[in-house]
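Enquirer: Structure file protein.txt (compact mmCIF, C-alpha atoms) is given on the next line.
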```txt
# COMPACT_ATOMS: atom_id res chain seq x y z
CA ILE I 13 81.06 135.35 45.99
CA VAL I 14 80.00 134.12 42.54
CA ALA I 15 79.61 130.58 43.88
CA LEU I 16 77.51 131.75 46.82
CA SER I 17 75.36 133.86 44.49
CA LEU I 18 74.69 130.88 42.23
CA ILE I 19 73.79 128.72 45.22
CA GLY I 20 71.40 131.42 46.44
CA LEU I 21 69.81 131.74 43.00
CA PHE I 22 69.43 127.96 42.70
CA THR I 23 67.81 127.79 46.14
CA ALA I 24 65.41 130.59 45.22
CA LEU I 25 64.39 128.79 42.04
CA ILE I 26 63.64 125.65 44.04
CA ILE I 27 61.45 127.61 46.45
CA ILE I 28 59.61 129.37 43.62
CA SER I 29 58.94 126.14 41.69
CA ARG I 30 57.91 124.12 44.71
CA LYS I 31 54.23 123.18 44.65
CA VAL I 32 51.89 123.22 47.59
CA ASN I 33 51.98 119.77 49.16
CA VAL I 34 48.40 118.61 49.56
CA LYS I 35 47.34 115.08 50.41
CA ASP I 36 44.35 113.30 51.82
CA GLU I 37 45.02 112.55 55.49
CA ASP I 38 43.29 110.36 58.03
CA VAL I 39 42.07 112.31 61.01
CA ILE I 40 43.10 110.63 64.25
CA LYS I 41 40.54 112.05 66.66
CA TYR I 42 37.71 114.54 67.00
CA ASN I 43 38.59 117.63 69.01
CA TYR I 44 35.63 119.78 67.93
CA PHE I 45 31.94 119.12 67.47
CA LEU I 46 28.93 120.88 65.99
CA MET I 47 26.24 122.06 68.41
CA GLU I 48 22.77 123.51 67.81
CA GLU I 49 20.72 125.89 69.93
CA ASN I 50 17.51 127.63 68.90
CA GLY I 51 18.12 126.67 65.26
CA LYS I 52 21.61 128.15 65.19
CA ASN I 53 24.97 126.34 65.08
CA GLY I 54 28.04 126.68 67.25
CA ILE I 55 31.13 124.64 68.18
CA ILE I 56 32.10 122.81 71.37
CA ASP I 57 35.35 121.03 72.20
CA ARG I 58 35.94 117.55 73.63
CA SER I 59 35.37 118.84 77.18
CA GLY I 60 32.05 120.45 76.27
CA ASN I 61 33.37 124.01 76.34
CA ILE I 62 31.70 126.41 73.90
CA ILE I 63 34.31 127.49 71.35
CA VAL I 64 31.99 129.29 68.92
CA ASN I 65 28.70 130.70 70.13
CA PRO I 66 25.60 129.26 68.42
CA GLU I 67 24.78 132.22 66.19
CA TYR I 68 25.36 130.94 62.64
CA ASP I 69 23.03 129.30 60.11
CA TYR I 70 25.50 126.47 59.66
CA ILE I 71 29.13 125.64 60.46
CA GLN I 72 31.47 123.25 58.68
CA ILE I 73 34.37 121.58 60.51
CA PRO I 74 36.66 120.47 57.64
CA ASN I 75 39.17 118.77 59.92
CA PRO I 76 37.90 117.93 63.43
CA GLU I 77 41.47 117.93 64.74
CA LYS I 78 42.09 121.57 63.79
CA PRO I 79 40.43 124.73 65.18
CA ILE I 80 39.29 125.99 61.79
CA PHE I 81 35.58 126.59 61.36
CA ILE I 82 33.63 127.80 58.31
CA CYS I 83 30.66 129.80 59.54
CA PHE I 84 27.71 130.47 57.21
CA SER I 85 25.23 133.32 57.44
CA ASP I 86 22.32 134.37 55.23
CA TYR I 87 22.29 130.88 53.75
CA ASN I 88 19.67 130.20 51.05
CA LEU I 89 19.26 126.48 50.48
CA GLU I 90 17.39 126.84 47.18
CA SER I 91 19.82 129.21 45.48
CA ASP I 92 22.91 128.06 47.42
CA ASP I 93 23.73 131.71 48.17
CA TYR I 94 25.57 132.40 51.39
CA THR I 95 28.07 134.52 53.26
CA SER I 96 30.91 132.65 54.94
CA LYS I 97 33.88 133.44 57.10
CA ILE I 98 36.60 131.27 58.61
CA ILE I 99 37.39 131.66 62.29
CA ASN I 100 39.64 129.82 64.74
CA ASP I 101 39.11 128.82 68.37
CA LYS I 102 39.97 132.37 69.47
CA GLY I 103 37.28 133.92 67.26
CA GLU I 104 39.87 135.39 64.89
CA VAL I 105 38.90 135.73 61.23
CA LEU I 106 41.22 133.79 58.89
CA TYR I 107 41.93 133.97 55.14
CA SER I 108 39.92 137.16 54.65
CA ASP I 109 41.31 137.51 51.11
CA TYR I 110 39.07 134.65 49.99
CA ARG I 111 35.28 134.81 49.63
CA ASN I 112 32.57 132.16 49.78
CA VAL I 113 34.89 129.56 51.25
CA ARG I 114 33.47 126.12 51.98
CA ALA I 115 34.60 122.56 52.62
CA ILE I 116 34.29 119.82 49.98
CA SER I 117 32.10 116.88 50.92
CA ARG I 118 33.45 113.35 50.69
CA ASN I 119 31.37 110.70 48.99
CA ASN I 120 33.49 107.59 49.52
CA THR I 121 31.53 105.35 51.87
CA SER I 122 34.73 103.67 53.10
CA ARG I 123 35.68 106.87 54.96
CA LYS I 124 34.01 108.19 58.12
CA TYR I 125 34.69 111.91 57.75
CA LEU I 126 32.30 114.40 56.17
CA TYR I 127 34.78 116.59 54.31
CA GLN I 128 38.08 116.61 52.51
CA ASN I 129 40.20 117.46 55.53
CA ASN I 130 43.06 119.39 53.90
CA ILE I 131 41.50 121.59 51.20
CA LEU I 132 38.73 124.18 50.81
CA THR I 133 37.10 125.87 47.83
CA TYR I 134 36.66 129.59 47.31
CA LYS I 135 34.68 131.58 44.75
CA ILE I 136 35.44 134.62 42.58
CA ASN I 137 33.06 135.85 39.86
CA ASP I 138 31.11 132.57 39.92
CA LYS I 139 34.30 130.54 39.42
CA TYR I 140 35.85 128.20 41.96
CA GLY I 141 39.40 127.53 43.10
CA ILE I 142 41.16 125.63 45.89
CA ILE I 143 43.11 126.66 48.97
CA THR I 144 44.59 124.45 51.65
CA ILE I 145 43.03 124.32 55.09
CA ASP I 146 46.02 126.45 56.21
CA GLY I 147 45.17 129.19 53.68
CA GLN I 148 47.70 128.48 50.90
CA LYS I 149 46.44 128.98 47.37
CA VAL I 150 46.37 125.79 45.30
CA THR I 151 44.55 126.82 42.10
CA ASP I 152 43.13 129.98 40.61
CA ALA I 153 39.37 130.42 40.54
CA GLU I 154 38.95 128.95 37.07
CA TYR I 155 36.40 126.14 37.42
CA ASP I 156 32.61 126.18 37.17
CA SER I 157 32.38 123.54 39.90
CA ILE I 158 34.66 121.40 42.08
CA GLU I 159 33.48 118.17 43.69
CA THR I 160 34.99 115.00 45.12
CA MET I 161 35.37 112.28 42.49
CA GLU I 162 33.00 109.40 43.12
CA TYR I 163 34.75 106.63 45.11
CA LYS I 164 38.05 108.56 45.05
CA ASP I 165 38.40 111.05 47.89
CA GLY I 166 41.94 111.92 46.79
CA LEU I 167 40.71 113.26 43.42
CA LEU I 168 38.35 116.02 42.39
CA THR I 169 35.92 116.34 39.49
CA VAL I 170 36.09 119.81 37.96
CA SER I 171 33.98 121.42 35.25
CA LYS I 172 35.14 124.12 32.87
CA ASN I 173 33.32 125.60 29.88
CA GLY I 174 30.74 122.83 29.98
CA ASN I 175 33.27 119.98 30.12
CA VAL I 176 34.50 117.90 33.05
CA GLY I 177 37.93 116.62 34.05
CA ILE I 178 39.81 115.22 37.05
CA ILE I 179 42.47 116.94 39.18
CA LYS I 180 44.46 115.95 42.24
CA LEU I 181 44.14 117.74 45.57
CA ASN I 182 47.29 119.73 44.75
CA GLY I 183 45.75 120.98 41.49
CA ASP I 184 47.66 118.67 39.13
CA ILE I 185 45.54 117.63 36.15
CA VAL I 186 44.81 113.91 35.78
CA ILE I 187 42.24 114.24 32.98
CA LYS I 188 41.81 117.53 31.12
CA PRO I 189 38.28 119.01 31.17
CA LYS I 190 37.22 117.85 27.71
CA TYR I 191 34.51 115.27 28.34
CA TYR I 192 30.78 115.53 28.89
CA SER I 193 30.87 112.92 31.66
CA ILE I 194 33.40 110.95 33.70
CA ILE I 195 32.58 108.06 36.05
CA SER I 196 34.72 105.49 37.84
CA ASP I 197 34.63 102.00 36.33
CA GLY I 198 33.96 100.63 39.84
CA TYR I 199 37.05 98.42 40.22
CA TYR I 200 37.92 97.69 43.87
CA ASP I 201 40.41 95.57 45.78
CA THR I 202 41.04 95.36 49.51
CA ASP I 203 44.62 96.67 49.34
CA THR I 204 44.21 99.74 47.14
CA GLN I 205 40.42 100.14 47.39
CA TYR I 206 39.36 102.23 44.34
CA ASP I 207 42.80 103.63 43.51
CA ASN I 208 43.25 101.34 40.50
CA ALA I 209 39.82 102.00 39.06
CA GLY I 210 39.86 103.56 35.61
CA TYR I 211 37.37 105.99 34.09
CA ILE I 212 34.54 105.65 31.61
CA VAL I 213 34.38 108.98 29.78
CA GLY I 214 31.66 110.28 27.51
CA ILE I 215 31.09 112.96 24.88
CA LYS I 216 28.04 114.31 23.05
CA THR I 217 27.82 113.73 19.30
CA ASN I 218 25.17 114.32 16.64
CA SER I 219 24.28 110.64 16.88
CA GLY I 220 24.04 110.58 20.68
CA TYR I 221 26.44 109.89 23.51
CA LYS I 222 29.69 108.05 22.84
CA TYR I 223 32.00 106.54 25.45
CA GLY I 224 35.69 105.80 25.84
CA TYR I 225 38.04 104.58 28.54
CA VAL I 226 40.86 106.29 30.48
CA SER I 227 43.41 104.52 32.70
CA PRO I 228 43.73 105.29 36.45
CA LYS I 229 46.74 107.51 35.61
CA GLY I 230 44.80 109.54 33.05
CA LYS I 231 45.93 107.92 29.78
CA GLU I 232 43.24 107.56 27.12
CA ILE I 233 42.94 103.86 26.30
CA LEU I 234 39.82 103.81 24.12
CA GLU I 235 38.51 106.75 22.11
CA CYS I 236 34.92 107.87 22.59
CA GLU I 237 33.35 105.77 19.83
CA TYR I 238 31.36 103.17 21.80
CA ASN I 239 27.70 103.10 22.81
CA LEU I 240 28.54 101.36 26.09
CA ILE I 241 31.62 100.30 28.07
CA LYS I 242 31.56 98.06 31.13
CA ARG I 243 34.58 96.75 33.01
CA ILE I 244 34.67 93.12 34.23
CA LEU I 245 35.25 93.86 37.89
CA GLU I 246 36.02 90.30 39.00
CA ILE I 247 39.35 90.24 37.14
CA ASP I 248 42.35 91.55 39.11
CA ASN I 249 43.93 94.79 37.99
CA ASP I 250 47.29 93.04 37.42
CA ASP I 251 45.71 91.26 34.46
CA GLY I 252 44.70 94.52 32.84
CA ALA I 253 41.28 96.12 32.47
CA TYR I 254 38.94 93.79 30.58
CA LEU I 255 36.21 95.89 28.98
CA ILE I 256 32.96 94.69 27.44
CA THR I 257 32.18 97.21 24.72
CA SER I 258 29.16 97.93 22.54
CA LYS I 259 29.62 99.50 19.12
CA ASN I 260 26.76 99.99 16.66
CA GLY I 261 24.69 97.51 18.62
CA LYS I 262 27.34 94.78 18.61
CA ILE I 263 29.22 93.55 21.69
CA GLY I 264 32.96 92.78 21.95
CA LEU I 265 35.77 92.46 24.48
CA ASN I 266 38.93 94.50 24.96
CA ARG I 267 41.86 94.13 27.30
CA ASN I 268 42.79 97.79 27.53
CA VAL I 269 43.45 98.78 23.91
CA GLN I 270 43.79 95.20 22.60
CA VAL I 271 40.72 93.71 20.92
CA LYS I 272 40.18 90.18 22.26
CA ILE I 273 36.71 89.54 20.82
CA ARG I 274 35.47 91.64 17.91
CA ASN I 275 32.25 93.62 18.18
CA GLU I 276 29.97 91.15 16.42
CA TYR I 277 27.85 89.59 19.19
CA GLU I 278 24.48 90.38 20.74
CA ALA I 279 25.68 89.63 24.29
CA ILE I 280 28.81 88.61 26.18
CA GLU I 281 28.75 87.40 29.80
CA TYR I 282 31.66 86.54 32.08
CA ASP I 283 31.90 83.41 34.27
CA SER I 284 34.17 84.24 37.20
CA ILE I 285 34.55 80.60 38.34
CA ASN I 286 36.15 79.38 35.12
CA LYS I 287 37.34 82.78 33.83
CA ILE I 288 35.64 82.27 30.48
CA LEU I 289 32.89 84.05 28.56
CA SER I 290 29.67 83.09 26.82
CA ALA I 291 28.90 84.88 23.56
CA GLU I 292 25.55 85.10 21.76
CA LYS I 293 25.27 85.56 18.01
CA ASN I 294 22.11 85.17 15.92
CA GLY I 295 20.40 83.32 18.77
CA LYS I 296 23.25 80.81 19.16
CA TYR I 297 25.78 80.56 21.97
CA GLY I 298 29.49 79.80 22.21
CA VAL I 299 32.36 80.11 24.69
CA TYR I 300 35.64 82.07 24.61
CA ASP I 301 38.58 82.43 26.96
CA LEU I 302 39.93 85.84 28.00
CA ASP I 303 42.51 85.81 25.20
CA GLY I 304 39.72 85.55 22.62
CA ASN I 305 40.33 81.88 21.82
CA MET I 306 37.17 79.96 20.96
CA ILE I 307 36.41 77.12 23.39
CA LEU I 308 32.98 76.22 21.97
CA PRO I 309 31.66 77.55 18.64
CA THR I 310 28.49 79.66 18.58
CA GLN I 311 26.17 76.83 17.57
CA TYR I 312 24.23 75.94 20.73
CA GLU I 313 20.58 76.83 21.42
CA GLU I 314 21.19 77.09 25.16
CA LEU I 315 24.34 77.36 27.26
CA GLN I 316 24.90 77.53 31.00
CA PHE I 317 27.94 77.63 33.27
CA ALA I 318 27.35 75.12 36.06
CA GLY I 319 30.24 75.29 38.50
CA LYS I 320 33.23 73.69 36.80
CA ILE I 321 31.27 72.40 33.82
CA ILE I 322 29.33 73.81 30.88
CA THR I 323 25.91 72.48 29.95
CA ALA I 324 24.74 73.12 26.39
CA GLN I 325 21.84 72.09 24.17
CA LYS I 326 22.03 71.38 20.47
CA ASP I 327 19.30 69.88 18.31
CA GLY I 328 17.34 68.94 21.45
CA ARG I 329 20.26 67.08 23.01
CA GLN I 330 21.91 68.15 26.27
CA LEU I 331 25.72 68.02 26.32
CA VAL I 332 28.22 68.49 29.12
CA PHE I 333 31.69 70.02 28.63
CA ASP I 334 34.49 70.95 30.96
CA ALA I 335 35.82 74.52 31.06
CA ASN I 336 38.33 73.66 28.31
CA GLY I 337 35.57 72.58 25.93
CA SER I 338 36.13 68.82 26.22
CA LEU I 339 32.93 66.74 25.93
CA GLN I 340 32.22 64.76 29.10
CA LYS I 341 30.68 61.62 27.66
CA ASP I 342 30.68 59.63 30.90
CA SER I 343 29.62 62.43 33.22
CA GLU I 344 26.44 61.97 35.26
CA TYR I 345 26.60 65.43 36.85
CA VAL I 346 25.24 68.64 35.42
CA HIS I 347 26.13 70.95 38.28
CA ILE I 348 29.51 71.04 40.05
CA MET I 349 30.05 73.87 42.52
CA PRO I 350 33.39 74.67 44.21
CA THR I 351 33.83 74.83 47.99
CA LYS I 352 36.38 76.62 50.15
CA SER I 353 38.70 73.65 49.66
CA GLU I 354 40.09 73.12 46.17
CA ASN I 355 39.93 69.35 46.81
CA TYR I 356 36.14 69.13 47.22
CA PHE I 357 33.10 70.04 45.12
CA ILE I 358 29.33 69.91 45.52
CA LEU I 359 27.83 67.62 42.87
CA ASN I 360 24.23 67.65 41.61
CA ARG I 361 22.92 64.71 39.60
CA SER I 362 20.30 65.10 36.90
CA ALA I 363 17.36 62.72 36.59
CA PHE I 364 16.91 63.61 32.91
CA PHE I 365 20.60 63.40 31.92
CA HIS I 366 21.37 61.33 28.83
CA ASN I 367 24.78 60.55 27.33
```
Represent the structure from my file as structure tokens, please.

Expert:
Amino acid sequence: IVALSLIGLFTALIIISRKVNVKDEDVIKYNYFLMEENGKNGIIDRSGNIIVNPEYDYIQIPNPEKPIFICFSDYNLESDDYTSKIINDKGEVLYSDYRNVRAISRNNTSRKYLYQNNILTYKINDKYGIITIDGQKVTDAEYDSIETMEYKDGLLTVSKNGNVGIIKLNGDIVIKPKYYSIISDGYYDTDTQYDNAGYIVGIKTNSGYKYGYVSPKGKEILECEYNLIKRILEIDNDDGAYLITSKNGKIGLNRNVQVKIRNEYEAIEYDSINKILSAEKNGKYGVYDLDGNMILPTQYEELQFAGKIITAQKDGRQLVFDANGSLQKDSEYVHIMPTKSENYFILNRSAFFHN
């Protein structure tokens, strides 16, 4: 009896502690469609049968596979005031315990559906929370706003007490609401799309806005002490996030938290062909690799990446280097561009080239 009681208690604890499972799902097909008649909205099914009579100001279909429709009445576009109710294909009212329910718009252009298809927001005393499309409560109504994170349909931007953060669809916090602004760094690859993009976060200070950097998993990498942060998007995520930073008007380079080039330059630009960088200081130019090793010192009046070579001017003389910084004394080409084959290049001669 004692053993069975303990097993029962253990099982109950598991049930109590289990979180609502919410994930972003791909909808397979459209079963329901919006219709309009005399300025009012209704719903029809795939066969053209009227499921909801056209008598509402607007209707949202969060998941076009499921017969769950959010019907709006007395909608005021300017003030965003409205009355909403959720009904099914039988006209039955659902989730009547929740008020001002609405779907959350997607904003990821890689997806073809209008709304997050598995969650809804509700409103209590001007605060917002989340329920699943099946009516299960996910979060309390504790946020000032809830929106889809830019480029990341599986995450939500929330605001609380004037600050913003990031949460998952199941309510788990990725970034606590403590920043003035959060934007994606824009990193994209074909396999994971924007999943491995980090976040550029900002705060307000007495001296203006300051920015930091947070990893895709929510770990703060750089504190908010920079005037500008920009990720080099051409470098694969496996090599770490390379960040061009500006601090007190000076530019540097970080790989995540590691300083590769100190903030002492007027400009830094990345050459994706050779995976090297040009740096400008006091009107002179030099070249670094991604580890911060100097390839060419900052002593040239002009510098240009030309395919697989570097052209530079010093004291009125034009010089040609390879990507490793070796002077090409016998070269007659100033522009070498790669092709799809690693064995062939497009070569441009220069009529004014001098050794």

Enquirer: Please return as a count of residues only every residue within 8 Å of (36.8, 74.8, 32.6), taking into account all atoms listed in the file and the file's own coordinates.

Expert: 9

Enquirer: Would you work out the distance separating atom CA of I:Val34 from atom CA of I:Lys180, expressed in Å to one decimal?

Expert: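 One can read the atom CA of I:Val34 to atom CA of I:Lys180 distance as 8.7 Å.
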
Enquirer: Take the point (32.2, 103.0, 23.5) in the file's coordinates, draw a sphere of radius 10 Å around it, and report as a list in words every protein, DNA or RNA residue with an atom inside or on it, counting all atoms listed in the file.

Expert: Ile212, Val213, Gly214, Tyr221, Lys222, Tyr223, Gly224, Tyr225, Leu234, Glu235, Cys236, Glu237, Tyr238, Asn239, Leu240, Ile241, Lys242, Leu255, Ile256, Thr257, Ser258, Lys259 and Asn260 of chain I

Enquirer: I'd like the interatomic distance between atom CA of I:Gly198 and atom CA of I:Ile273, to a tenth of an Å.

Expert: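 Atom CA of I:Ile273 lies at a distance of 22.2 Å from atom CA of I:Gly198.
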
Enquirer: Determine, for each residue of stretch 160-256 of chain I having at least one atom at most 10 Å from an atom of stretch 132-144 of chain I, the closest pair of atoms and their separation in Å to one decimal, counting only C-alpha atoms; order by chain and ascending number, as JSON lines.

Expert:
```
{"residue": "I:Val170", "atom": "CA", "partner": "I:Tyr140", "partner_atom": "CA", "distance": 9.3}
{"residue": "I:Ser171", "atom": "CA", "partner": "I:Tyr140", "partner_atom": "CA", "distance": 9.7}
{"residue": "I:Lys172", "atom": "CA", "partner": "I:Lys139", "partner_atom": "CA", "distance": 9.2}
{"residue": "I:Leu181", "atom": "CA", "partner": "I:Ile142", "partner_atom": "CA", "distance": 8.4}
{"residue": "I:Asn182", "atom": "CA", "partner": "I:Ile142", "partner_atom": "CA", "distance": 8.6}
{"residue": "I:Gly183", "atom": "CA", "partner": "I:Ile142", "partner_atom": "CA", "distance": 7.9}
```

Enquirer: Taking 5 positions as the minimum chain separation for residues in the same chain, which residues sit within 10 Å of I:Ser108 when counting all atoms listed in the file? Answer as a ChimeraX atom specification.

Expert: /I:97-99,113,147

Enquirer: Could you turn the residues from that selection into a file that holds C-alpha atoms, as a compact mmCIF listing (two decimals), in the coordinates of the input?

Expert:
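And here's again_1.txt as it stands now:
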```
# COMPACT_ATOMS: atom_id res chain seq x y z
CA LYS I 97 33.88 133.44 57.10
CA ILE I 98 36.60 131.27 58.61
CA ILE I 99 37.39 131.66 62.29
CA VAL I 113 34.89 129.56 51.25
CA GLY I 147 45.17 129.19 53.68
```

Enquirer: Could all heavy atoms be built for stretch 213-223 of chain I and written out as a compact mmCIF listing (two decimals), in the frame of the given file?

Expert:
```txt
# COMPACT_ATOMS: atom_id res chain seq x y z
N VAL I 213 34.59 107.57 30.15
CA VAL I 213 34.38 108.98 29.78
C VAL I 213 33.41 109.05 28.62
O VAL I 213 33.31 108.13 27.81
CB VAL I 213 35.72 109.66 29.42
CG1 VAL I 213 36.65 109.67 30.62
CG2 VAL I 213 36.40 108.94 28.25
N GLY I 214 32.66 110.14 28.56
CA GLY I 214 31.66 110.28 27.51
C GLY I 214 31.68 111.65 26.86
O GLY I 214 32.08 112.65 27.48
N ILE I 215 31.25 111.70 25.61
CA ILE I 215 31.09 112.96 24.88
C ILE I 215 29.71 112.96 24.20
O ILE I 215 29.07 111.92 24.05
CB ILE I 215 32.18 113.16 23.81
CG1 ILE I 215 32.13 112.03 22.76
CG2 ILE I 215 33.56 113.22 24.44
CD1 ILE I 215 33.04 112.25 21.57
N LYS I 216 29.27 114.17 23.83
CA LYS I 216 28.04 114.31 23.05
C LYS I 216 28.39 114.39 21.57
O LYS I 216 29.30 115.12 21.18
CB LYS I 216 27.30 115.58 23.47
CG LYS I 216 26.36 115.42 24.64
CD LYS I 216 25.61 116.74 24.86
CE LYS I 216 24.59 116.62 25.96
NZ LYS I 216 23.84 117.89 26.16
N THR I 217 27.64 113.64 20.76
CA THR I 217 27.82 113.73 19.30
C THR I 217 26.44 113.92 18.66
O THR I 217 25.41 113.85 19.33
CB THR I 217 28.46 112.45 18.74
OG1 THR I 217 27.52 111.36 18.83
CG2 THR I 217 29.72 112.08 19.52
N ASN I 218 26.44 114.15 17.36
CA ASN I 218 25.17 114.32 16.64
C ASN I 218 24.34 113.06 16.65
O ASN I 218 23.11 113.11 16.48
CB ASN I 218 25.45 114.75 15.19
CG ASN I 218 26.06 116.14 15.12
OD1 ASN I 218 25.81 116.98 15.98
ND2 ASN I 218 26.85 116.40 14.08
N SER I 219 25.00 111.92 16.86
CA SER I 219 24.28 110.64 16.88
C SER I 219 24.06 110.12 18.31
O SER I 219 23.74 108.96 18.49
CB SER I 219 25.06 109.59 16.07
OG SER I 219 26.37 109.43 16.57
N GLY I 220 24.26 110.99 19.30
CA GLY I 220 24.04 110.58 20.68
C GLY I 220 25.33 110.56 21.47
O GLY I 220 26.37 111.06 21.02
N TYR I 221 25.27 109.96 22.64
CA TYR I 221 26.44 109.89 23.51
C TYR I 221 27.38 108.76 23.06
O TYR I 221 26.93 107.67 22.70
CB TYR I 221 26.02 109.65 24.96
CG TYR I 221 25.18 110.77 25.53
CD1 TYR I 221 23.81 110.63 25.67
CD2 TYR I 221 25.77 111.96 25.91
CE1 TYR I 221 23.03 111.66 26.18
CE2 TYR I 221 25.00 113.00 26.43
CZ TYR I 221 23.63 112.84 26.55
OH TYR I 221 22.87 113.86 27.06
N LYS I 222 28.68 109.04 23.13
CA LYS I 222 29.69 108.05 22.84
C LYS I 222 30.66 107.97 24.01
O LYS I 222 30.95 108.99 24.65
CB LYS I 222 30.46 108.40 21.56
CG LYS I 222 29.60 108.45 20.30
CD LYS I 222 29.08 107.09 19.90
CE LYS I 222 28.29 107.18 18.59
NZ LYS I 222 27.72 105.88 18.19
N TYR I 223 31.20 106.76 24.26
CA TYR I 223 32.00 106.54 25.45
C TYR I 223 33.37 105.97 25.10
O TYR I 223 33.53 105.25 24.11
CB TYR I 223 31.27 105.60 26.41
CG TYR I 223 29.96 106.16 26.88
CD1 TYR I 223 28.77 105.83 26.24
CD2 TYR I 223 29.91 107.06 27.94
CE1 TYR I 223 27.56 106.37 26.65
CE2 TYR I 223 28.70 107.60 28.37
CZ TYR I 223 27.53 107.25 27.72
OH TYR I 223 26.34 107.80 28.13
```
